[in-house]
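For reference, final.cif is printed below; it contains mmCIF, C-alpha atoms.
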data_input
loop_
_atom_site.label_atom_id
_atom_site.label_comp_id
_atom_site.auth_asym_id
_atom_site.auth_seq_id
_atom_site.Cartn_x
_atom_site.Cartn_y
_atom_site.Cartn_z
CA MET D 1 112.45 99.37 139.53
CA VAL D 2 112.39 96.98 136.58
CA HIS D 3 109.25 96.33 134.56
CA ALA D 4 109.53 92.61 133.87
CA ALA D 5 106.34 92.35 131.83
CA LEU D 6 107.57 94.96 129.34
CA ASP D 7 111.06 93.45 129.35
CA TYR D 8 109.55 90.09 128.40
CA LEU D 9 107.50 91.57 125.59
CA THR D 10 110.53 93.43 124.30
CA GLY D 11 112.56 90.24 124.43
CA VAL D 12 109.97 88.34 122.40
CA GLN D 13 109.72 91.22 119.91
CA ASN D 14 113.47 91.11 119.42
CA LEU D 15 113.38 87.40 118.72
CA ILE D 16 110.56 87.86 116.22
CA GLU D 17 112.60 90.56 114.48
CA GLN D 18 115.52 88.14 114.21
CA VAL D 19 113.21 85.53 112.66
CA LYS D 20 111.95 88.07 110.13
CA GLU D 21 115.50 89.01 109.18
CA THR D 22 116.76 85.50 108.49
CA GLU D 23 113.86 83.08 107.84
CA ALA D 24 111.75 84.70 105.11
CA LYS D 25 113.14 82.48 102.34
CA LYS D 26 112.60 79.32 104.37
CA PHE D 27 109.01 80.29 105.19
CA ALA D 28 108.41 80.61 101.47
CA GLN D 29 110.05 77.26 100.68
CA ALA D 30 108.19 75.40 103.40
CA ALA D 31 104.84 76.99 102.59
CA GLU D 32 105.25 76.15 98.92
CA ILE D 33 105.80 72.48 99.74
CA MET D 34 102.83 72.44 102.11
CA ALA D 35 100.51 74.25 99.70
CA ASP D 36 101.39 71.80 96.93
CA ARG D 37 100.55 68.83 99.15
CA VAL D 38 97.28 70.29 100.37
CA ALA D 39 96.33 71.08 96.77
CA GLU D 40 96.94 67.41 95.97
CA GLY D 41 94.53 66.41 98.75
CA HIS D 42 96.99 65.64 101.52
CA LEU D 43 96.63 66.77 105.09
CA ILE D 44 99.60 68.46 106.79
CA PHE D 45 100.70 66.59 109.90
CA THR D 46 101.93 68.70 112.80
CA TRP D 47 103.51 67.43 115.98
CA GLY D 48 105.39 68.88 118.89
CA PRO D 49 107.21 65.79 120.12
CA GLY D 50 107.92 66.93 123.66
CA GLY D 51 106.14 68.08 126.81
CA HIS D 52 105.71 71.80 126.24
CA SER D 53 106.39 71.35 122.53
CA SER D 54 103.10 69.51 122.13
CA ILE D 55 101.21 72.72 122.90
CA PHE D 56 102.04 74.33 119.53
CA SER D 57 100.11 71.67 117.68
CA GLU D 58 97.07 71.98 119.92
CA ASP D 59 96.92 75.70 119.32
CA ILE D 60 96.03 75.40 115.64
CA MET D 61 93.35 72.72 115.77
CA TYR D 62 89.68 73.46 115.04
CA ARG D 63 90.27 77.14 115.38
CA LYS D 64 88.63 80.04 113.61
CA GLY D 65 90.61 81.26 110.64
CA GLU D 66 93.13 78.45 110.78
CA LEU D 67 93.86 76.02 107.97
CA ALA D 68 91.66 72.97 108.40
CA ALA D 69 93.69 70.58 106.26
CA VAL D 70 95.94 69.67 109.16
CA CYS D 71 96.28 66.51 111.17
CA PRO D 72 97.82 67.44 114.52
CA ILE D 73 99.19 64.54 116.49
CA TYR D 74 98.22 64.49 120.16
CA ASP D 75 99.82 61.56 121.85
CA ALA D 76 99.00 60.66 125.44
CA ASN D 77 102.60 59.68 126.16
CA ILE D 78 104.13 62.82 124.71
CA SER D 79 101.98 65.39 126.43
CA LEU D 80 101.93 67.26 129.71
CA SER D 81 98.30 66.31 130.26
CA HIS D 82 99.17 62.94 131.75
CA GLY D 83 101.95 64.22 133.99
CA ALA D 84 104.62 66.80 133.24
CA ALA D 85 107.47 65.00 134.98
CA ARG D 86 106.30 61.68 133.53
CA GLU D 87 106.69 63.11 130.04
CA ILE D 88 109.80 65.24 130.37
CA ASN D 89 111.84 62.99 132.64
CA GLY D 90 110.75 59.73 131.05
CA MET D 91 108.51 59.35 128.01
CA GLU D 92 110.29 61.62 125.55
CA ARG D 93 113.50 59.71 126.20
CA VAL D 94 112.01 56.35 125.18
CA GLU D 95 113.32 56.24 121.64
CA GLY D 96 111.08 53.38 120.47
CA LEU D 97 107.95 55.46 121.02
CA GLY D 98 108.85 57.69 118.07
CA LYS D 99 108.44 54.89 115.56
CA VAL D 100 105.23 53.62 117.19
CA ILE D 101 103.60 57.05 116.97
CA VAL D 102 104.64 57.55 113.35
CA GLU D 103 103.34 54.09 112.41
CA TYR D 104 100.09 54.60 114.31
CA ASN D 105 99.43 57.83 112.47
CA ARG D 106 100.28 56.21 109.14
CA ILE D 107 102.66 58.94 108.00
CA GLY D 108 104.12 57.92 104.67
CA LYS D 109 105.19 58.78 101.15
CA GLY D 110 103.91 62.13 99.93
CA ASP D 111 103.00 63.40 103.38
CA VAL D 112 104.45 66.50 105.00
CA ILE D 113 104.96 66.75 108.72
CA VAL D 114 105.89 69.88 110.62
CA PHE D 115 107.76 69.01 113.78
CA GLY D 116 108.02 71.62 116.49
CA SER D 117 110.62 71.41 119.22
CA ALA D 118 112.72 74.39 120.23
CA TYR D 119 115.28 72.23 122.03
CA GLY D 120 115.19 69.66 119.22
CA ILE D 121 117.17 66.99 120.96
CA ASN D 122 114.96 64.37 122.58
CA PRO D 123 115.07 60.73 121.42
CA VAL D 124 111.38 60.53 120.46
CA ALA D 125 111.63 63.63 118.27
CA ILE D 126 114.78 62.51 116.49
CA SER D 127 113.70 58.90 115.95
CA ALA D 128 110.25 60.00 114.73
CA ALA D 129 111.70 62.50 112.24
CA VAL D 130 114.13 59.88 110.90
CA GLU D 131 111.29 57.36 110.62
CA CYS D 132 109.12 59.83 108.70
CA ARG D 133 111.90 60.48 106.20
CA ASN D 134 112.59 56.76 105.84
CA ARG D 135 108.95 56.36 104.87
CA GLY D 136 109.17 59.03 102.18
CA ALA D 137 107.54 61.92 104.04
CA THR D 138 108.94 65.44 103.93
CA VAL D 139 110.05 66.69 107.34
CA ILE D 140 109.89 70.40 108.09
CA SER D 141 110.97 71.49 111.54
CA ILE D 142 110.50 74.56 113.66
CA THR D 143 113.41 74.43 116.04
CA SER D 144 116.35 76.35 117.43
CA PRO D 145 119.66 74.94 116.13
CA SER D 146 121.76 77.08 118.46
CA PHE D 147 119.81 75.69 121.41
CA SER D 148 120.30 72.13 120.16
CA ASP D 149 124.01 72.63 119.58
CA ALA D 150 124.52 74.04 123.06
CA SER D 151 122.67 71.11 124.69
CA THR D 152 125.38 68.71 125.72
CA TYR D 153 123.68 66.57 128.38
CA ALA D 154 123.67 63.12 126.76
CA GLY D 155 120.96 61.80 129.11
CA ALA D 156 118.32 63.95 127.41
CA LYS D 157 119.53 63.43 123.83
CA HIS D 158 119.07 60.83 121.13
CA LYS D 159 121.86 58.23 121.22
CA SER D 160 123.19 59.44 117.84
CA GLY D 161 123.64 62.93 119.23
CA ALA D 162 121.67 64.24 116.25
CA SER D 163 119.38 67.25 116.51
CA LEU D 164 116.04 67.87 114.88
CA TYR D 165 117.38 70.44 112.44
CA SER D 166 120.03 68.00 111.21
CA VAL D 167 117.51 65.26 110.39
CA SER D 168 114.96 67.52 108.68
CA ASP D 169 114.52 68.30 104.99
CA LEU D 170 114.01 71.94 105.90
CA TYR D 171 113.99 73.81 109.18
CA LEU D 172 112.85 77.20 110.41
CA ASP D 173 114.93 78.74 113.15
CA SER D 174 112.75 79.93 116.02
CA LYS D 175 115.74 81.73 117.62
CA VAL D 176 114.92 80.42 121.09
CA PRO D 177 118.12 81.06 123.09
CA TYR D 178 119.84 78.26 124.96
CA GLY D 179 118.26 77.93 128.38
CA ASP D 180 114.90 79.19 127.12
CA ALA D 181 114.40 81.87 129.81
CA ILE D 182 115.25 85.39 128.63
CA LEU D 183 115.03 87.77 131.58
CA GLU D 184 118.09 88.27 133.73
CA TYR D 185 118.20 90.51 136.80
CA ASP D 186 121.05 90.80 139.27
CA PHE D 187 118.67 90.34 142.20
CA LEU D 188 117.51 86.93 140.91
CA GLU D 189 119.73 83.90 141.03
CA HIS D 190 118.54 82.47 137.69
CA LYS D 191 117.09 83.73 134.43
CA ILE D 192 113.30 83.69 134.30
CA SER D 193 110.48 83.59 131.74
CA PRO D 194 110.87 81.05 128.92
CA VAL D 195 109.97 81.88 125.33
CA ALA D 196 110.01 78.52 123.54
CA THR D 197 106.25 77.90 123.38
CA VAL D 198 105.50 81.48 122.31
CA MET D 199 108.12 81.49 119.57
CA GLN D 200 107.29 78.02 118.29
CA ALA D 201 103.58 78.86 118.11
CA ILE D 202 104.22 82.14 116.32
CA LEU D 203 106.36 80.49 113.67
CA LEU D 204 103.78 77.76 113.04
CA LYS D 205 101.00 80.33 112.66
CA ALA D 206 103.15 82.38 110.30
CA LEU D 207 103.92 79.28 108.25
CA LEU D 208 100.25 78.30 107.98
CA ALA D 209 99.32 81.86 106.98
CA GLU D 210 101.88 81.74 104.18
CA THR D 211 100.60 78.30 103.15
CA MET D 212 96.98 79.48 102.92
CA VAL D 213 97.89 82.44 100.73
CA ARG D 214 99.98 80.24 98.45
CA LEU D 215 97.13 77.76 98.20
CA LYS D 216 94.86 80.54 96.99
CA GLU D 217 97.50 81.55 94.44
CA LYS D 218 97.39 77.97 93.15
CA GLY D 219 93.65 78.27 92.63
CA VAL D 220 92.62 76.36 95.75
CA ASP D 221 90.43 78.04 98.35
CA PRO D 222 91.89 77.03 101.70
CA PHE D 223 89.11 75.82 103.97
CA THR D 224 89.37 77.48 107.35
CA TRP D 225 87.36 76.77 110.46
CA THR D 226 84.47 78.96 111.58
CA ASN D 227 84.02 79.70 115.27
CA SER D 228 81.77 76.94 116.60
CA LEU D 229 80.72 79.13 119.47
CA GLN D 230 78.89 81.46 117.08
CA GLU D 231 75.44 80.71 115.71
CA GLY D 232 75.79 78.59 112.58
CA GLY D 233 79.41 77.81 113.35
CA ILE D 234 78.97 74.08 113.85
CA GLU D 235 76.96 73.83 110.64
CA ALA D 236 79.62 75.77 108.70
CA ASN D 237 82.28 73.35 109.87
CA SER D 238 80.35 70.11 109.55
CA ALA D 239 80.84 69.28 105.88
CA TYR D 240 84.62 69.51 106.08
CA MET D 241 84.62 67.79 109.44
CA ASN D 242 82.75 64.85 107.93
CA GLN D 243 85.49 64.52 105.32
CA ILE D 244 88.25 64.19 107.87
CA TRP D 245 86.49 62.35 110.73
CA GLY D 246 88.39 59.19 111.40
CA ARG D 247 91.45 60.22 109.40
CA VAL D 248 92.24 62.95 111.89
CA LYS D 249 92.19 61.11 115.19
CA SER D 250 92.65 64.34 117.11
CA MET D 251 89.43 65.85 115.70
CA MET A 252 87.00 29.82 148.82
CA GLU A 253 83.88 31.71 149.77
CA TYR A 254 84.48 34.16 146.95
CA LEU A 255 84.94 31.33 144.46
CA ASP A 256 81.61 29.89 145.57
CA ARG A 257 79.94 33.22 144.94
CA ALA A 258 81.61 33.46 141.52
CA ILE A 259 80.38 29.99 140.60
CA ALA A 260 76.88 30.88 141.76
CA THR A 261 76.95 34.01 139.58
CA LEU A 262 77.99 32.03 136.53
CA LYS A 263 75.33 29.35 137.18
CA ALA A 264 72.67 32.02 137.50
CA LEU A 265 73.46 33.10 133.96
CA ASP A 266 71.81 29.88 132.75
CA ALA A 267 68.54 31.75 133.11
CA GLU A 268 69.79 34.24 130.52
CA GLU A 269 70.60 31.69 127.83
CA LYS A 270 67.72 32.71 125.56
CA HIS A 271 68.58 36.40 125.80
CA ILE A 272 72.26 35.77 125.21
CA GLN A 273 71.46 33.72 122.11
CA SER A 274 69.25 36.53 120.82
CA ALA A 275 72.08 38.99 121.36
CA GLN A 276 74.49 36.65 119.59
CA LYS A 277 72.21 36.55 116.55
CA ILE A 278 72.08 40.35 116.34
CA ILE A 279 75.86 40.59 116.66
CA SER A 280 76.56 37.81 114.15
CA ALA A 281 74.24 39.41 111.59
CA ALA A 282 75.99 42.75 112.09
CA VAL A 283 79.42 41.15 111.65
CA LYS A 284 78.30 39.59 108.37
CA GLU A 285 76.98 42.97 107.18
CA ASN A 286 80.26 44.61 108.17
CA ARG A 287 78.44 46.90 110.61
CA LEU A 288 80.23 48.31 113.64
CA ILE A 289 79.22 46.88 117.01
CA HIS A 290 79.23 49.78 119.46
CA ILE A 291 79.79 49.10 123.15
CA PHE A 292 79.43 51.57 125.98
CA GLY A 293 79.88 51.01 129.70
CA THR A 294 78.09 53.63 131.78
CA ASP A 295 80.25 53.47 134.89
CA THR A 296 83.97 53.05 135.46
CA ARG A 297 84.06 49.28 135.87
CA SER A 298 81.57 48.65 133.09
CA SER A 299 83.65 50.78 130.76
CA ALA A 300 86.84 48.93 131.67
CA LEU A 301 85.18 45.58 130.92
CA ILE A 302 84.83 46.51 127.25
CA SER A 303 88.46 45.47 126.88
CA GLU A 304 87.24 41.90 127.26
CA VAL A 305 86.13 41.93 123.62
CA PHE A 306 87.99 44.85 122.01
CA PHE A 307 91.05 44.12 119.84
CA ARG A 308 91.24 40.64 121.19
CA ALA A 309 92.14 37.43 119.37
CA GLY A 310 89.02 35.65 118.18
CA MET A 311 86.76 38.68 118.61
CA PRO A 312 85.12 40.61 115.73
CA ILE A 313 87.26 43.28 114.12
CA THR A 314 84.20 45.55 114.03
CA ILE A 315 83.87 46.01 117.78
CA ASP A 316 83.70 49.79 118.33
CA PRO A 317 84.40 50.61 121.98
CA MET A 318 83.07 53.93 123.19
CA LEU A 319 85.76 54.83 125.69
CA ASP A 320 85.82 58.22 127.31
CA PRO A 321 88.12 59.88 129.84
CA THR A 322 84.99 60.60 131.89
CA LEU A 323 84.77 56.89 132.68
CA ASP A 324 88.44 56.03 132.86
CA SER A 325 90.11 55.69 136.26
CA ALA A 326 93.31 57.09 134.79
CA HIS A 327 91.55 60.45 134.84
CA GLY A 328 90.37 60.20 138.43
CA ALA A 329 88.14 57.54 139.99
CA TYR A 330 86.39 60.00 142.29
CA ARG A 331 85.90 62.41 139.38
CA ASN A 332 84.38 59.54 137.36
CA GLN A 333 81.83 58.68 139.97
CA MET A 334 80.64 62.26 140.28
CA ALA A 335 80.31 62.42 136.49
CA TRP A 336 77.95 59.42 136.28
CA GLU A 337 75.32 61.59 137.91
CA VAL A 338 75.66 64.50 135.51
CA LYS A 339 72.66 64.93 133.25
CA ASN A 340 73.20 65.38 129.49
CA LEU A 341 76.78 64.16 129.64
CA ALA A 342 75.99 60.77 128.05
CA PRO A 343 74.76 62.14 124.69
CA CYS A 344 77.76 64.46 124.59
CA ILE A 345 80.10 61.47 124.96
CA LEU A 346 78.23 59.27 122.50
CA ASP A 347 77.79 61.89 119.76
CA TYR A 348 81.56 61.90 119.38
CA TYR A 349 81.32 58.52 117.65
CA GLU A 350 80.58 59.56 114.11
CA ARG A 351 80.27 56.11 112.57
CA VAL A 352 77.08 55.11 114.32
CA GLU A 353 74.39 54.13 111.80
CA GLU A 354 70.75 53.22 112.17
CA GLY A 355 70.40 49.48 112.71
CA ASP A 356 73.86 49.00 114.26
CA PRO A 357 74.04 46.92 117.46
CA PHE A 358 74.67 48.94 120.61
CA ILE A 359 75.70 47.02 123.73
CA LEU A 360 74.97 49.09 126.81
CA ILE A 361 76.55 47.91 130.06
CA GLY A 362 75.78 49.32 133.48
CA SER A 363 75.52 48.26 137.07
CA ASP A 364 72.89 50.88 137.88
CA GLU A 365 70.09 51.55 135.41
CA THR A 366 68.88 54.54 137.38
CA LEU A 367 71.99 56.62 136.73
CA PRO A 368 71.56 59.44 134.20
CA MET A 369 74.56 58.03 132.33
CA PHE A 370 72.70 54.76 131.75
CA ALA A 371 69.19 56.10 131.22
CA GLN A 372 70.27 58.83 128.83
CA SER A 373 72.49 56.43 126.86
CA LEU A 374 69.51 54.16 126.41
CA GLN A 375 67.41 57.08 125.22
CA TRP A 376 70.17 58.21 122.86
CA ALA A 377 70.37 54.75 121.30
CA LYS A 378 66.60 54.62 120.83
CA GLU A 379 66.64 57.95 119.05
CA LYS A 380 69.40 56.67 116.76
CA LYS A 381 67.32 53.55 116.05
CA LEU A 382 70.07 51.19 117.10
CA ARG A 383 69.56 47.54 118.01
CA ILE A 384 70.00 47.82 121.75
CA ILE A 385 71.43 45.02 123.85
CA THR A 386 71.63 45.84 127.55
CA ILE A 387 73.69 44.11 130.20
CA SER A 388 72.66 45.30 133.64
CA ASP A 389 71.69 44.19 137.11
CA ASN A 390 68.01 43.80 136.45
CA GLY A 391 67.68 43.81 132.71
CA THR A 392 66.03 46.81 131.13
CA ASP A 393 64.14 47.77 128.01
CA GLY A 394 66.57 47.06 125.20
CA GLU A 395 65.67 44.93 122.20
CA VAL A 396 67.52 42.27 124.17
CA SER A 397 68.15 42.65 127.87
CA VAL A 398 70.49 40.42 129.81
CA SER A 399 70.55 40.48 133.58
CA THR A 400 73.77 39.87 135.46
CA HIS A 401 72.00 38.23 138.44
CA CYS A 402 74.84 39.12 140.76
CA GLY A 403 76.03 41.13 143.68
CA ASP A 404 78.55 43.90 143.37
CA ASP A 405 81.56 41.68 144.09
CA THR A 406 80.99 39.36 141.12
CA TYR A 407 79.72 41.95 138.63
CA ALA A 408 82.89 41.91 136.54
CA ILE A 409 82.79 38.12 136.26
CA ALA A 410 79.19 38.16 135.11
CA VAL A 411 79.69 40.90 132.52
CA SER A 412 82.86 39.31 131.15
CA ALA A 413 81.11 35.96 130.80
CA ILE A 414 78.07 37.50 129.11
CA LEU A 415 80.19 39.46 126.63
CA ASN A 416 82.18 36.35 125.73
CA MET A 417 79.03 34.27 125.29
CA MET A 418 77.47 36.92 123.07
CA MET A 419 80.28 36.64 120.55
CA ASP A 420 79.79 33.83 118.07
CA ALA A 421 82.76 31.45 118.14
CA GLY A 422 82.02 30.34 114.58
CA LEU A 423 82.71 33.62 112.78
CA PRO A 424 84.87 33.38 109.63
CA GLU A 425 88.57 34.17 109.97
CA GLU A 426 88.33 37.34 107.90
CA LYS A 427 85.89 38.83 110.39
CA VAL A 428 87.92 38.30 113.57
CA TRP A 429 91.31 39.26 114.95
CA LEU A 430 93.77 36.39 114.53
CA GLY A 431 96.16 35.34 117.27
CA LYS A 432 96.45 33.19 120.32
CA ARG A 433 96.50 35.11 123.58
CA THR A 434 96.99 38.45 121.90
CA VAL A 435 96.27 39.83 118.46
CA ASP A 436 99.09 38.79 116.13
CA LEU A 437 100.07 42.08 114.46
CA ASP A 438 101.82 40.40 111.53
CA ARG A 439 98.80 38.26 110.67
CA ASN A 440 96.37 41.15 110.91
CA THR A 441 98.05 43.92 108.94
CA GLU A 442 95.29 44.20 106.30
CA LYS A 443 92.58 44.25 108.93
CA ILE A 444 94.40 46.94 110.91
CA ASP A 445 94.76 49.03 107.75
CA LYS A 446 91.05 48.58 107.11
CA MET A 447 89.85 49.42 110.59
CA LEU A 448 92.41 51.93 111.89
CA PHE A 449 90.48 55.01 110.81
CA ARG A 450 87.05 53.43 111.21
CA ILE A 451 87.33 52.50 114.87
CA ARG A 452 88.16 55.59 116.88
CA HIS A 453 90.11 53.80 119.60
CA LEU A 454 91.97 51.25 117.50
#

Would you give me this structure, written as C-alpha cells?
Amino acid sequence: MVHAALDYLTGVQNLIEQVKETEAKKFAQAAEIMADRVAEGHLIFTWGPGGHSSIFSEDIMYRKGELAAVCPIYDANISLSHGAAREINGMERVEGLGKVIVEYNRIGKGDVIVFGSAYGINPVAISAAVECRNRGATVISITSPSFSDASTYAGAKHKSGASLYSVSDLYLDSKVPYGDAILEYDFLEHKISPVATVMQAILLKALLAETMVRLKEKGVDPFTWTNSLQEGGIEANSAYMNQIWGRVKSM
Amino acid sequence: MEYLDRAIATLKALDAEEKHIQSAQKIISAAVKENRLIHIFGTDTRSSALISEVFFRAGMPITIDPMLDPTLDSAHGAYRNQMAWEVKNLAPCILDYYERVEEGDPFILIGSDETLPMFAQSLQWAKEKKLRIITISDNGTDGEVSVSTHCGDDTYAIAVSAILNMMMDAGLPEEKVWLGKRTVDLDRNTEKIDKMLFRIRHL
C-alpha cells in the first residue's frame, strides 16, 4: 500500500533540495537589492498575480517574525476570494487589468516588486511586470521557467507569448514541475497533489529571511511584527502600523 | 404612476427638513474648507450602497471618506448582511479600521432603523470620538444635526439620495471638488487623486 502523505512530503523535500542547489546566488542578489531599498525607506511590494498565486502574498502580511516593510497587493479581481472560476477562467486573462493594478498601487521608480506565479504565463502577470519595469521599478519573480516553457495553450497566455521569468530583472526558480501535481500512481488516472503554492511560499519566506539578515548587516534593524494575539502585541505593532497606514492598502 | 406619486410625496416631505439640511451643509462646508475628511457610514445594506451618491463623483468634495465594509455589501451575501446588522460590537470593529478619523470631523450616519445595534453603536462610537454627527434616518435621532427621511420603505433610497445631495454645498471652490461632467474626469483630477489616494481608504 502506498503512503501518499509521505510521498508528498518527500516530493516537496526533493524540490526544496533542488532550489538549494541552484538558487543560492540569486537569493543573495535579490535580497541585497531588497535590503538596499528597505534601508532607503522603500517598502517591498509583493504580488501573486493569479488565483492560487495570490495566496503567497497573503501569507507574509502582519505576521509574527515577518518583515513589516512590505506592501502586499491584494486585488479583488485577482483573487480566489471572489470566485475561483471567475478569476482563473476570466480575470487573469484580462490583460488591461495588469496596468490598472500597477497604477492604482503607485508602483514606480526605485520600488522593488516581488511577483509570484509558478506558471508565470497569464496576461495580467506579464502586462503588470512589463508595466512595473517601464515605470522604473525592479521586478524580481518567483516562478518556474520550465513550467512556463512547457505551457503552450495560447488561450491562457499573454498575447506576446512571454513568460514572467523573461520579463523580470531577476527570477528565482521555484522548480514547480509542469502540471503542478507531483504524485503519480498506476491506480489513479491523473497525477494528484499540486505543489505550486507550497513552493512559492517557501521561496518568498526564504527570500525575506535573507533580506532581514542583510538589512541588519547594513546597520538597519528590520522591524518585524509581533503576534497581535498575545498580550501587548497590538501595542508593539502600533507605532510601525501608524507609519504605513494608508500607504499599505492591504493593512 | 402610483410609485411616482409616492416618490414626489417623499421629496415634498423633505421641505420640513430644510433647516436641518442647511445646518448639515454648514458643518460639511466648514470641514471642506479646513481640509477635514467627511466620514460617511450606512448601517444597513441599502444605506451603505447609497454612499456612492456622493463618493468620487463629479462636483462632490474630494474629502468624502466612505466607510464601506464587506459586512454591508451585497456582493458578500445579502442574507449574511442582514444577520450581521444585529450583531453587537461589530460596528466599532468596522469603524475603528478607519485610521484617519479625527476629533471634530463630520460623521454622516445613515440608517433605516435606529434600533439596530449597527446604528446605535455607530452613534455611540462617533460620540466617543467627539465627531460632529449628522444622522439621516427614519425618525431623526440624537446627532448634532438629525435629518428625518419622512418616508416608507419603498422610497427610502430616493429620500436619502436627495438629502445627501442637498447637504453638499454647490458653491464649493473647484480645488475642493472632483471635476467632470457625469463622471470624474481622471485627466483633470490627477493632482487630487495623488493627494487623496492614500488618505481615503476606498479611493

Interface, chain D side, toward chain A (10 Å; all atoms listed in the file) as JSON, numbers by chain: {"D": [82, 104, 105, 106, 242, 244, 245, 246, 247, 248, 249, 250, 251]}

Nearest-residue call for Leu288 of chain A, choices A:Ala377, A:Leu430, A:Cys344, A:Val352, using all atoms listed in the file: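 Under the stated criterion, the closest residue is A:Val352.
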
Residue contacts of segment 117-120 of chain D (6 Å, only C-alpha atoms) excluding same-chain residues fewer than 5 positions away, as a list of chain:residue names: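 Once the adjacent positions are removed, what remains is D:Gly48, D:Ser53, D:Thr143, D:Ser144, D:Phe147, D:Ser148, D:Ser163, D:Leu164, D:Ala196.
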
Evaluated on this file, the PyMOL selection byres ((chain A and resi 353) around 12) picks out some residues - which ones are they, written as a compact mmCIF listing (two decimals) with C-alpha atoms, in the frame of the given file?
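Listing of result.txt after writing:
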# COMPACT_ATOMS: atom_id res chain seq x y z
CA ALA A 282 75.99 42.75 112.09
CA ASN A 286 80.26 44.61 108.17
CA ARG A 287 78.44 46.90 110.61
CA LEU A 288 80.23 48.31 113.64
CA ILE A 289 79.22 46.88 117.01
CA HIS A 290 79.23 49.78 119.46
CA ASP A 347 77.79 61.89 119.76
CA TYR A 349 81.32 58.52 117.65
CA GLU A 350 80.58 59.56 114.11
CA ARG A 351 80.27 56.11 112.57
CA VAL A 352 77.08 55.11 114.32
CA GLU A 354 70.75 53.22 112.17
CA GLY A 355 70.40 49.48 112.71
CA ASP A 356 73.86 49.00 114.26
CA PRO A 357 74.04 46.92 117.46
CA PHE A 358 74.67 48.94 120.61
CA ALA A 377 70.37 54.75 121.30
CA LYS A 378 66.60 54.62 120.83
CA GLU A 379 66.64 57.95 119.05
CA LYS A 380 69.40 56.67 116.76
CA LYS A 381 67.32 53.55 116.05
CA LEU A 382 70.07 51.19 117.10
CA ARG A 383 69.56 47.54 118.01

Selection result for the PyMOL selection byres ((chain D and resi 134) around 12) on this file, as a list in words: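 In the shown coordinates, the PyMOL selection byres ((chain D and resi 134) around 12) covers Lys99, Val102, Glu103, Ile107, Gly108, Lys109, Gly110, Asp111, Ser127, Ala128, Ala129, Val130, Glu131, Cys132, Arg133, Arg135, Gly136, Ala137, Thr138, Val139, Val167, Ser168 and Asp169 of chain D.
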
Do you know which residues are at most 8 Å from Met419 of chain A counting all atoms listed in the file, after dropping those on the same chain fewer than 5 positions away, and could you put them as a JSON list (two decimals) with C-alpha atoms, keeping the file's coordinate frame?
[["chain", "number", "residue", "atom", "x", "y", "z"],
["A", 276, "GLN", "CA", 74.49, 36.65, 119.59],
["A", 279, "ILE", "CA", 75.86, 40.59, 116.66],
["A", 280, "SER", "CA", 76.56, 37.81, 114.15],
["A", 311, "MET", "CA", 86.76, 38.68, 118.61],
["A", 312, "PRO", "CA", 85.12, 40.61, 115.73]]

Reference answer for the PyMOL selection byres ((chain D and resi 210-221) around 12), as a ChimeraX atom specification: /D:24-41,44,65-70,203-209,222-224

Contacts of segment 298-310 of chain A at 8 Å (all atoms listed in the file; same-chain gap of 3+ positions) as a ChimeraX atom specification: /A:291-295,313,315-317,319,323-324,361-363,408,411-412,415-416,421,428-436,454

Atom-to-atom span, atom CA of Gln375 of chain A and atom CA of His271 of chain A, Å: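 About the pair atom CA of Gln375 of chain A and atom CA of His271 of chain A: they are 20.7 Å apart.
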
Counting only C-alpha atoms, the option among D:Ala76, D:Met1, D:Tyr178, D:Ser238 closest to Pro321 of chain A: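 Distance minimum relative to Pro321 of chain A lands on D:Ala76.
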
For atom CA of Ile142 of chain D and atom CA of Tyr165 of chain D, the interatomic separation in Å (one decimal):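 A separation of 8.1 Å between them.
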
Using only C-alpha atoms, determine which residues lie at most 12 Å from Ile55 of chain D, disregarding the query and same-chain residues fewer than 6 positions distant; provide the list as a compact mmCIF listing (two decimals) with C-alpha atoms, in the coordinates of the input.
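Wrote around.txt, looks like this:
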# COMPACT_ATOMS: atom_id res chain seq x y z
CA THR D 46 101.93 68.70 112.80
CA TRP D 47 103.51 67.43 115.98
CA GLY D 48 105.39 68.88 118.89
CA PRO D 49 107.21 65.79 120.12
CA MET D 61 93.35 72.72 115.77
CA PRO D 72 97.82 67.44 114.52
CA ILE D 73 99.19 64.54 116.49
CA TYR D 74 98.22 64.49 120.16
CA ASP D 75 99.82 61.56 121.85
CA ILE D 78 104.13 62.82 124.71
CA SER D 79 101.98 65.39 126.43
CA LEU D 80 101.93 67.26 129.71
CA SER D 81 98.30 66.31 130.26
CA PHE D 115 107.76 69.01 113.78
CA GLY D 116 108.02 71.62 116.49
CA SER D 117 110.62 71.41 119.22
CA ALA D 118 112.72 74.39 120.23
CA ALA D 196 110.01 78.52 123.54
CA THR D 197 106.25 77.90 123.38
CA VAL D 198 105.50 81.48 122.31
CA MET D 199 108.12 81.49 119.57
CA GLN D 200 107.29 78.02 118.29
CA ALA D 201 103.58 78.86 118.11
CA ILE D 202 104.22 82.14 116.32
CA LEU D 204 103.78 77.76 113.04

Would you kindly return, as a CSV table (one decimal) with C-alpha atoms, in the coordinates of the input, each protein, DNA or RNA residue with an atom no farther than 6 Å from any atom of Val124 of chain D, considering all atoms listed in the file and excluding same-chain residues fewer than 2 positions away?
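This went into around.csv:
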chain,number,residue,atom,x,y,z
D,92,GLU,CA,110.3,61.6,125.6
D,95,GLU,CA,113.3,56.2,121.6
D,98,GLY,CA,108.8,57.7,118.1
D,122,ASN,CA,115.0,64.4,122.6
D,126,ILE,CA,114.8,62.5,116.5
D,127,SER,CA,113.7,58.9,116.0
D,128,ALA,CA,110.2,60.0,114.7

Atomic distance atom CA of Thr296 of chain A - atom CA of Ala84 of chain D, expressed in Å with one decimal: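 Those two atoms sit 24.9 Å apart.
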
Pick from A:Leu423, A:Val398, A:Ala335, A:Met418 nearest to Gln273 of chain A, counting all atoms listed in the file: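 Result for the nearest residue to Gln273 of chain A: A:Met418.
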